[in-house]
$ cat work.txt   # compact mmCIF, C-alpha atoms and all ligand atoms
# COMPACT_ATOMS: atom_id res chain seq x y z
CA MET A 1 12.49 -21.67 2.89
CA ASN A 2 13.40 -19.30 5.70
CA LYS A 3 10.72 -18.07 8.08
CA LYS A 4 8.08 -15.95 6.32
CA MET A 5 7.94 -12.24 7.06
CA ARG A 6 4.93 -11.36 9.21
CA VAL A 7 2.73 -8.73 7.59
CA GLY A 8 -0.13 -6.69 9.06
CA VAL A 9 -2.54 -4.95 6.69
CA LEU A 10 -4.51 -1.82 7.64
CA ILE A 11 -7.74 -1.22 5.76
CA SER A 12 -10.84 0.98 5.85
CA GLY A 13 -12.98 -0.30 2.98
CA ARG A 14 -13.17 -2.41 -0.15
CA GLY A 15 -9.90 -4.28 0.36
CA SER A 16 -9.04 -5.19 -3.22
CA ASN A 17 -5.34 -4.59 -2.53
CA LEU A 18 -5.66 -6.73 0.57
CA GLN A 19 -7.15 -9.41 -1.69
CA ALA A 20 -4.17 -9.16 -4.04
CA LEU A 21 -1.83 -9.59 -1.07
CA ILE A 22 -3.85 -12.55 0.24
CA LYS A 23 -3.64 -14.19 -3.18
CA ALA A 24 0.12 -13.63 -3.41
CA CYS A 25 0.62 -15.07 0.08
CA GLU A 26 -1.19 -18.23 -0.92
CA ALA A 27 1.73 -19.25 -3.11
CA HIS A 28 3.84 -21.53 -0.97
CA ASP A 29 7.06 -19.87 -2.15
CA PHE A 30 5.88 -16.32 -1.31
CA PRO A 31 8.22 -15.06 1.44
CA ALA A 32 5.55 -13.25 3.51
CA GLU A 33 2.31 -14.07 5.29
CA ILE A 34 -0.52 -11.85 6.51
CA VAL A 35 -0.89 -12.45 10.22
CA VAL A 36 -3.47 -9.76 11.03
CA VAL A 37 -5.82 -7.35 9.27
CA VAL A 38 -6.77 -4.23 11.19
CA SER A 39 -9.73 -2.11 10.12
CA ASN A 40 -10.91 1.17 11.58
CA THR A 41 -14.43 0.53 10.28
CA PRO A 42 -16.43 -2.48 11.47
CA ASP A 43 -18.23 -2.97 8.14
CA ALA A 44 -15.21 -2.78 5.80
CA GLN A 45 -15.65 -5.19 2.90
CA GLY A 46 -12.00 -6.13 3.29
CA LEU A 47 -12.76 -7.76 6.66
CA GLU A 48 -14.93 -10.32 4.85
CA ARG A 49 -12.07 -11.06 2.47
CA ALA A 50 -9.71 -11.61 5.40
CA ARG A 51 -12.14 -13.83 7.27
CA ARG A 52 -12.66 -15.95 4.15
CA ALA A 53 -8.90 -16.47 4.08
CA ASP A 54 -8.85 -17.33 7.81
CA ILE A 55 -6.76 -14.31 8.68
CA PRO A 56 -7.28 -12.87 12.18
CA CYS A 57 -9.06 -9.50 12.06
CA VAL A 58 -9.08 -6.69 14.59
CA VAL A 59 -11.47 -3.74 14.42
CA VAL A 60 -10.09 -0.61 16.01
CA ASP A 61 -12.97 1.80 15.51
CA HIS A 62 -11.58 5.32 15.60
CA ARG A 63 -14.89 6.59 17.00
CA ASP A 64 -14.20 4.68 20.22
CA TYR A 65 -11.00 6.62 20.99
CA LYS A 66 -10.73 10.07 22.45
CA ASN A 67 -7.85 11.12 20.22
CA ARG A 68 -5.55 9.94 17.47
CA ALA A 69 -2.77 9.00 19.89
CA ALA A 70 -5.03 6.57 21.74
CA PHE A 71 -6.37 5.11 18.48
CA ASP A 72 -2.88 4.66 17.02
CA ALA A 73 -1.59 3.12 20.26
CA GLU A 74 -4.34 0.52 20.07
CA MET A 75 -3.42 -0.29 16.47
CA THR A 76 0.25 -0.64 17.37
CA TRP A 77 -0.76 -2.93 20.19
CA ALA A 78 -2.78 -5.14 17.81
CA LEU A 79 0.11 -5.25 15.34
CA GLU A 80 2.73 -5.95 18.00
CA ASP A 81 0.51 -8.62 19.51
CA ALA A 82 0.60 -10.40 16.13
CA LYS A 83 4.40 -9.92 15.97
CA VAL A 84 4.11 -7.95 12.75
CA GLU A 85 7.36 -7.07 10.94
CA LEU A 86 5.88 -5.04 8.07
CA VAL A 87 2.71 -2.92 8.03
CA CYS A 88 0.91 -2.38 4.70
CA LEU A 89 -1.62 0.41 4.38
CA ALA A 90 -4.20 -0.74 1.84
CA GLY A 91 -6.90 1.88 1.46
CA PHE A 92 -6.54 2.95 5.09
CA MET A 93 -8.32 6.28 5.33
CA ARG A 94 -7.04 7.75 8.62
CA LEU A 95 -4.05 10.01 9.05
CA LEU A 96 -1.44 8.42 11.30
CA SER A 97 0.24 10.13 14.24
CA GLU A 98 3.95 10.96 14.27
CA THR A 99 4.41 8.44 17.07
CA PHE A 100 2.87 5.65 14.98
CA VAL A 101 4.96 6.50 11.91
CA GLU A 102 8.13 6.65 14.00
CA HIS A 103 7.37 3.39 15.75
CA TRP A 104 7.07 1.65 12.34
CA TRP A 105 9.81 3.63 10.58
CA ASP A 106 10.93 1.79 7.41
CA LYS A 107 8.45 -0.95 8.30
CA LEU A 108 5.36 0.89 7.09
CA ILE A 109 4.40 1.09 3.42
CA ASN A 110 1.50 2.51 1.45
CA ILE A 111 0.03 2.20 -2.03
CA HIS A 112 -1.26 5.30 -3.76
CA PRO A 113 -3.10 5.58 -7.11
CA SER A 114 -0.89 8.19 -8.78
CA LEU A 115 2.70 8.66 -9.80
CA LEU A 116 3.94 10.41 -6.68
CA PRO A 117 5.01 13.10 -6.02
CA ALA A 118 2.25 14.17 -8.42
CA PHE A 119 -1.33 14.12 -7.13
CA LYS A 120 -1.18 13.49 -3.40
CA GLY A 121 -4.37 13.12 -1.38
CA LEU A 122 -7.82 12.15 -2.63
CA GLY A 123 -9.60 12.25 -5.99
CA VAL A 124 -6.28 11.76 -7.73
CA GLN A 125 -7.56 9.93 -10.81
CA ARG A 126 -9.96 12.79 -11.59
CA ARG A 127 -7.21 15.34 -10.98
CA ALA A 128 -4.82 13.43 -13.25
CA ILE A 129 -7.38 13.45 -16.09
CA GLU A 130 -8.19 17.12 -15.57
CA SER A 131 -4.52 18.06 -15.61
CA GLY A 132 -4.17 16.79 -19.18
CA ALA A 133 -1.31 14.47 -18.16
CA ARG A 134 -0.61 11.68 -20.64
CA PHE A 135 0.37 9.14 -18.00
CA SER A 136 -0.59 8.22 -14.49
CA GLY A 137 -0.05 5.11 -12.45
CA CYS A 138 0.50 3.93 -8.92
CA THR A 139 3.22 4.10 -6.29
CA VAL A 140 4.34 1.92 -3.39
CA HIS A 141 6.32 3.95 -0.88
CA TYR A 142 7.57 4.00 2.68
CA VAL A 143 5.44 6.20 4.93
CA ARG A 144 6.84 9.38 6.40
CA HIS A 145 5.18 12.12 8.44
CA GLU A 146 3.66 14.00 5.52
CA MET A 147 0.78 12.36 3.67
CA ASP A 148 1.74 10.48 0.47
CA VAL A 149 5.41 11.35 0.91
CA GLY A 150 8.26 8.90 1.45
CA PRO A 151 10.93 6.88 -0.34
CA ILE A 152 9.42 5.26 -3.43
CA ILE A 153 9.89 1.51 -3.73
CA THR A 154 8.21 0.99 -7.09
CA GLN A 155 5.82 2.58 -9.55
CA ALA A 156 3.75 1.33 -12.48
CA VAL A 157 2.87 3.69 -15.32
CA VAL A 158 -0.37 3.59 -17.29
CA PRO A 159 -1.44 5.83 -20.18
CA ILE A 160 -4.31 8.28 -19.84
CA HIS A 161 -6.55 8.04 -22.92
CA ASN A 162 -8.41 11.05 -24.27
CA ALA A 163 -11.73 9.29 -23.75
CA ASP A 164 -10.99 8.23 -20.15
CA ASP A 165 -13.43 8.94 -17.36
CA VAL A 166 -12.51 8.45 -13.70
CA GLY A 167 -13.86 4.89 -13.71
CA ALA A 168 -11.81 3.80 -16.71
CA LEU A 169 -8.57 5.30 -15.42
CA SER A 170 -9.13 4.03 -11.86
CA LYS A 171 -9.65 0.50 -13.19
CA ARG A 172 -6.48 0.65 -15.29
CA ILE A 173 -4.47 1.90 -12.31
CA LEU A 174 -6.01 -0.56 -9.85
CA GLU A 175 -4.97 -3.52 -12.01
CA GLN A 176 -1.39 -2.34 -11.67
CA GLU A 177 -1.76 -1.72 -7.93
CA HIS A 178 -2.66 -5.36 -7.55
CA ARG A 179 0.56 -6.30 -9.37
CA ILE A 180 3.04 -4.00 -7.70
CA TYR A 181 1.92 -4.17 -4.06
CA PRO A 182 2.61 -7.91 -3.68
CA MET A 183 5.82 -7.44 -5.68
CA ALA A 184 7.08 -4.76 -3.26
CA VAL A 185 6.19 -6.91 -0.26
CA ARG A 186 8.10 -9.80 -1.82
CA TRP A 187 11.19 -7.64 -2.33
CA ILE A 188 11.10 -6.40 1.26
CA ALA A 189 10.67 -9.93 2.57
CA GLU A 190 13.61 -11.02 0.43
CA GLN A 191 15.63 -8.21 2.02
CA ARG A 192 16.39 -6.66 -1.34
CA VAL A 193 15.16 -3.21 -0.36
CA ARG A 194 17.41 -0.55 1.14
CA VAL A 195 16.43 3.03 1.93
CA GLU A 196 19.14 5.57 1.18
CA GLY A 197 17.82 9.01 2.07
CA PRO A 198 15.02 9.86 -0.37
CA ARG A 199 15.84 6.88 -2.60
CA VAL A 200 15.17 3.17 -2.45
CA ILE A 201 17.62 0.67 -3.89
CA VAL A 202 16.19 -2.71 -4.90
CA SER A 203 19.01 -5.18 -5.36
CA GLY A 204 18.75 -7.47 -8.34
CA TYR A 205 16.53 -5.06 -10.28
CA GLY A 206 17.62 -2.41 -12.77
CA PRO A 207 15.91 0.31 -14.77
CA PRO A 208 13.36 -0.61 -17.46
CA GLU A 209 14.60 -0.76 -21.04
CA ASN A 210 11.73 1.00 -22.73
CA VAL A 211 10.56 4.58 -22.96
CA LEU A 212 6.80 5.08 -23.23
CA LEU A 213 5.32 7.61 -25.61
CA ASN A 214 1.76 8.88 -25.48
CA PRO A 215 0.48 9.54 -28.06
CA ALA A 216 2.48 6.83 -29.76
CA PRO A 217 3.31 6.97 -33.47
CA LYS A 218 1.03 4.64 -35.45
C1 LIG A 301 -6.50 2.12 -3.72
O1 LIG A 301 -6.68 2.83 -4.91
C2 LIG A 301 -5.23 2.54 -3.04
O2 LIG A 301 -4.21 2.92 -3.93
C3 LIG A 301 -5.67 3.73 -2.24
O3 LIG A 301 -6.97 3.40 -1.79
C4 LIG A 301 -7.56 2.46 -2.68
C5 LIG A 301 -7.94 1.29 -1.86
O4 LIG A 301 -8.62 0.32 -2.60
N1 LIG A 301 -4.74 4.02 -1.17
P1 LIG A 301 -8.86 -1.12 -1.98
O5 LIG A 301 -9.54 -0.92 -0.64
O6 LIG A 301 -7.53 -1.78 -1.83
O7 LIG A 301 -9.74 -1.84 -2.96
$ encode --input "work.txt" --output "C-alpha cells" --more "lines below"
Ligand code: GRF
Amino acid sequence: MNKKMRVGVLISGRGSNLQALIKACEAHDFPAEIVVVVSNTPDAQGLERARRADIPCVVVDHRDYKNRAAFDAEMTWALEDAKVELVCLAGFMRLLSETFVEHWWDKLINIHPSLLPAFKGLGVQRRAIESGARFSGCTVHYVRHEMDVGPIITQAVVPIHNADDVGALSKRILEQEHRIYPMAVRWIAEQRVRVEGPRVIVSGYGPPENVLLNPAPK
C-alpha cells in the first residue's frame, strides 16, 4: 500500500470519536494513521485512549496562552512537527482563529451531532428533540471560518422517536458518528474527496437508494 496519510486529532474531552478513529487505523489496510493527538485540557479522557494506543500526545493548555493566536500557533506547531496532512476535530471545544483555519484549509475536518446546517453550536440533541423534527443525525464537514459551517463530506440520518430524551438520541447519533468519521477519513486518504464550492464530491459513491419515512407505515 502507498504511504499512509498522517492524521492529527484535536480533542478536549471524552474522545469516543478519537477511539473510533484509533480502531479504524488499527486495520492494516486503513489508508491513514494518527500521528499525534493534541488536547487543550490536560485531563481529557481521550488522552488516556491515545496513550493506550501508543500515539504521541501534546497538551496545549489554552490557559497558558495570552490570546487565541498564540494558542493556535502552538497547536499548528505541534501538528506541523508531526508532519500532519489532515487535522480532525473530535470534540474539540475551542473556537479556532482565522489564521489557523486558513493554514489548514481543506485539511481540517469536524464532526457535529446534527444534520447541518440545522442545529449549529451546543445542546443540539436537546434542540432537535424540542423542535419536533422527525430526524436528526451527524455531519462530517470541512471547517470554515464560521462555526459548524463548511462543505459537507457525509451525513448519517437517525430517526427521533417520540419517547426520546437527550441521552437516547445522543447515543443513537454517537453510534453513527463512530461509523462516519473513520469513513470520511478513509475517503480523504484515498483521495476520493473533492471540494467544489459549497459541495463535496466523493468519487466512487452515489446517492442512497432509499427514502426514510418517520413515522413509517406499519
Ligand atoms: C461528539 O458528539 C461530536 O460530534 C461533538 O462533540 C462530541 C465529542 O464526543 N463535536 P467525543 O469526545 O468524541 O466522545
$ residues_near_ligand --input "work.txt" --ligand "ligand LIG 301 (chain A)" --cutoff "6 Å" --atoms "only C-alpha atoms and all ligand atoms" --output "list of chain:residue names"
A:Gly13, A:Arg14, A:Gly15, A:Ser16, A:Asn17, A:Leu18, A:Ala90, A:Gly91, A:Ile111, A:His112, A:Pro113
$ residues_around --input "work.txt" --residues "A:Ile129" --least-positions-apart "3" --cutoff "12 Å" --atoms "all atoms listed in the file" --output "count of residues only"
24
$ residues_around --input "work.txt" --residues "A:Leu21" --least-positions-apart "3" --cutoff "9 Å" --atoms "all atoms listed in the file" --output "PyMOL selection string"
chain A and resi 16-18+24-26+33-34+178+181-182+185
$ atom_distance --input "work.txt" --atom1 "atom CA of A:Val84" --atom2 "atom CA of A:Val7"
5.4 Å
$ residues_near_point --input "work.txt" --point "(5.8, 9.3, 7.2)" --cutoff "12 Å" --atoms "all atoms listed in the file" --output "ChimeraX atom specification"
/A:89,95-110,141-152,198
$ write_last_selection --input "work.txt" --atoms "C-alpha atoms" --output "PDB file, in the frame of the given file"
ATOM      1  CA  LEU A  89      -1.620   0.410   4.380  1.00  0.00           C
ATOM      2  CA  LEU A  95      -4.050  10.010   9.050  1.00  0.00           C
ATOM      3  CA  LEU A  96      -1.440   8.420  11.300  1.00  0.00           C
ATOM      4  CA  SER A  97       0.240  10.130  14.240  1.00  0.00           C
ATOM      5  CA  GLU A  98       3.950  10.960  14.270  1.00  0.00           C
ATOM      6  CA  THR A  99       4.410   8.440  17.070  1.00  0.00           C
ATOM      7  CA  PHE A 100       2.870   5.650  14.980  1.00  0.00           C
ATOM      8  CA  VAL A 101       4.960   6.500  11.910  1.00  0.00           C
ATOM      9  CA  GLU A 102       8.130   6.650  14.000  1.00  0.00           C
ATOM     10  CA  HIS A 103       7.370   3.390  15.750  1.00  0.00           C
ATOM     11  CA  TRP A 104       7.070   1.650  12.340  1.00  0.00           C
ATOM     12  CA  TRP A 105       9.810   3.630  10.580  1.00  0.00           C
ATOM     13  CA  ASP A 106      10.930   1.790   7.410  1.00  0.00           C
ATOM     14  CA  LYS A 107       8.450  -0.950   8.300  1.00  0.00           C
ATOM     15  CA  LEU A 108       5.360   0.890   7.090  1.00  0.00           C
ATOM     16  CA  ILE A 109       4.400   1.090   3.420  1.00  0.00           C
ATOM     17  CA  ASN A 110       1.500   2.510   1.450  1.00  0.00           C
ATOM     18  CA  HIS A 141       6.320   3.950  -0.880  1.00  0.00           C
ATOM     19  CA  TYR A 142       7.570   4.000   2.680  1.00  0.00           C
ATOM     20  CA  VAL A 143       5.440   6.200   4.930  1.00  0.00           C
ATOM     21  CA  ARG A 144       6.840   9.380   6.400  1.00  0.00           C
ATOM     22  CA  HIS A 145       5.180  12.120   8.440  1.00  0.00           C
ATOM     23  CA  GLU A 146       3.660  14.000   5.520  1.00  0.00           C
ATOM     24  CA  MET A 147       0.780  12.360   3.670  1.00  0.00           C
ATOM     25  CA  ASP A 148       1.740  10.480   0.470  1.00  0.00           C
ATOM     26  CA  VAL A 149       5.410  11.350   0.910  1.00  0.00           C
ATOM     27  CA  GLY A 150       8.260   8.900   1.450  1.00  0.00           C
ATOM     28  CA  PRO A 151      10.930   6.880  -0.340  1.00  0.00           C
ATOM     29  CA  ILE A 152       9.420   5.260  -3.430  1.00  0.00           C
ATOM     30  CA  PRO A 198      15.020   9.860  -0.370  1.00  0.00           C
TER      31      PRO A 198
END
$ closest_residue --input "work.txt" --among "A:Arg94, A:Glu130, A:Thr154, A:Met183" --to "A:Leu116" --atoms "all atoms listed in the file"
A:Thr154
$ closest_residue --input "work.txt" --among "A:Leu86, A:Arg52, A:Ala73, A:Asp29" --to "A:Val9" --atoms "only C-alpha atoms"
A:Leu86
$ residues_around --input "work.txt" --residues "A:Ala189" --least-positions-apart "3" --cutoff "8 Å" --atoms "all atoms listed in the file" --output "list in words"
Lys4, Met5, Pro31, Ala32, Val185, Arg186 and Arg192 of chain A
$ write_last_selection --input "work.txt" --atoms "C-alpha atoms" --output "CSV table (one decimal), in the frame of the given file"
chain,number,residue,atom,x,y,z
A,4,LYS,CA,8.1,-16.0,6.3
A,5,MET,CA,7.9,-12.2,7.1
A,31,PRO,CA,8.2,-15.1,1.4
A,32,ALA,CA,5.6,-13.2,3.5
A,185,VAL,CA,6.2,-6.9,-0.3
A,186,ARG,CA,8.1,-9.8,-1.8
A,192,ARG,CA,16.4,-6.7,-1.3
$ atom_distance --input "work.txt" --atom1 "atom CA of A:Val37" --atom2 "atom CA of A:Lys23"
14.4 Å
$ atom_distance --input "work.txt" --atom1 "atom CA of A:Val36" --atom2 "atom CA of A:Cys138"
24.5 Å
$ closest_residue --input "work.txt" --among "A:Arg51, A:Glu85, A:Val157, A:Pro208" --to "A:Ile188" --atoms "all atoms listed in the file"
A:Glu85
$ build_atoms --input "work.txt" --residues "stretch 195-211 of chain A" --atoms "N, CA, C and O atoms" --output "compact mmCIF listing (two decimals), keeping the file's coordinate frame"
# COMPACT_ATOMS: atom_id res chain seq x y z
N VAL A 195 16.77 1.61 2.03
CA VAL A 195 16.43 3.03 1.93
C VAL A 195 17.71 3.83 2.08
O VAL A 195 18.44 3.65 3.05
N GLU A 196 17.96 4.69 1.09
CA GLU A 196 19.14 5.57 1.18
C GLU A 196 18.66 7.00 1.02
O GLU A 196 18.49 7.48 -0.10
N GLY A 197 18.37 7.66 2.12
CA GLY A 197 17.82 9.01 2.07
C GLY A 197 16.47 8.98 1.37
O GLY A 197 15.60 8.20 1.73
N PRO A 198 16.32 9.80 0.31
CA PRO A 198 15.02 9.86 -0.37
C PRO A 198 14.81 8.68 -1.33
O PRO A 198 13.74 8.52 -1.89
N ARG A 199 15.85 7.88 -1.54
CA ARG A 199 15.84 6.88 -2.60
C ARG A 199 15.79 5.47 -2.03
O ARG A 199 16.30 5.20 -0.95
N VAL A 200 15.20 4.59 -2.83
CA VAL A 200 15.17 3.17 -2.45
C VAL A 200 15.98 2.39 -3.48
O VAL A 200 15.82 2.58 -4.69
N ILE A 201 16.84 1.53 -2.99
CA ILE A 201 17.62 0.67 -3.89
C ILE A 201 17.04 -0.75 -3.76
O ILE A 201 16.89 -1.25 -2.65
N VAL A 202 16.70 -1.34 -4.90
CA VAL A 202 16.19 -2.71 -4.90
C VAL A 202 17.25 -3.59 -5.56
O VAL A 202 17.46 -3.50 -6.78
N SER A 203 17.91 -4.41 -4.77
CA SER A 203 19.01 -5.18 -5.36
C SER A 203 18.47 -6.27 -6.27
O SER A 203 17.42 -6.87 -6.01
N GLY A 204 19.16 -6.47 -7.37
CA GLY A 204 18.75 -7.47 -8.34
C GLY A 204 17.83 -6.93 -9.42
O GLY A 204 17.45 -7.65 -10.34
N TYR A 205 17.42 -5.67 -9.29
CA TYR A 205 16.53 -5.06 -10.28
C TYR A 205 17.14 -3.78 -10.83
O TYR A 205 17.65 -2.96 -10.06
N GLY A 206 17.08 -3.61 -12.15
CA GLY A 206 17.62 -2.41 -12.77
C GLY A 206 16.52 -1.58 -13.38
O GLY A 206 15.34 -1.87 -13.20
N PRO A 207 16.92 -0.54 -14.13
CA PRO A 207 15.91 0.31 -14.77
C PRO A 207 15.23 -0.41 -15.93
O PRO A 207 15.80 -1.35 -16.49
N PRO A 208 14.01 0.02 -16.32
CA PRO A 208 13.36 -0.61 -17.46
C PRO A 208 14.08 -0.23 -18.74
O PRO A 208 14.77 0.79 -18.79
N GLU A 209 13.89 -1.04 -19.79
CA GLU A 209 14.60 -0.76 -21.04
C GLU A 209 13.85 0.23 -21.91
O GLU A 209 14.44 0.93 -22.73
N ASN A 210 12.53 0.26 -21.76
CA ASN A 210 11.73 1.00 -22.73
C ASN A 210 11.33 2.38 -22.24
O ASN A 210 11.18 2.61 -21.05
N VAL A 211 11.14 3.27 -23.23
CA VAL A 211 10.56 4.58 -22.96
C VAL A 211 9.15 4.54 -23.51
O VAL A 211 8.91 4.02 -24.60
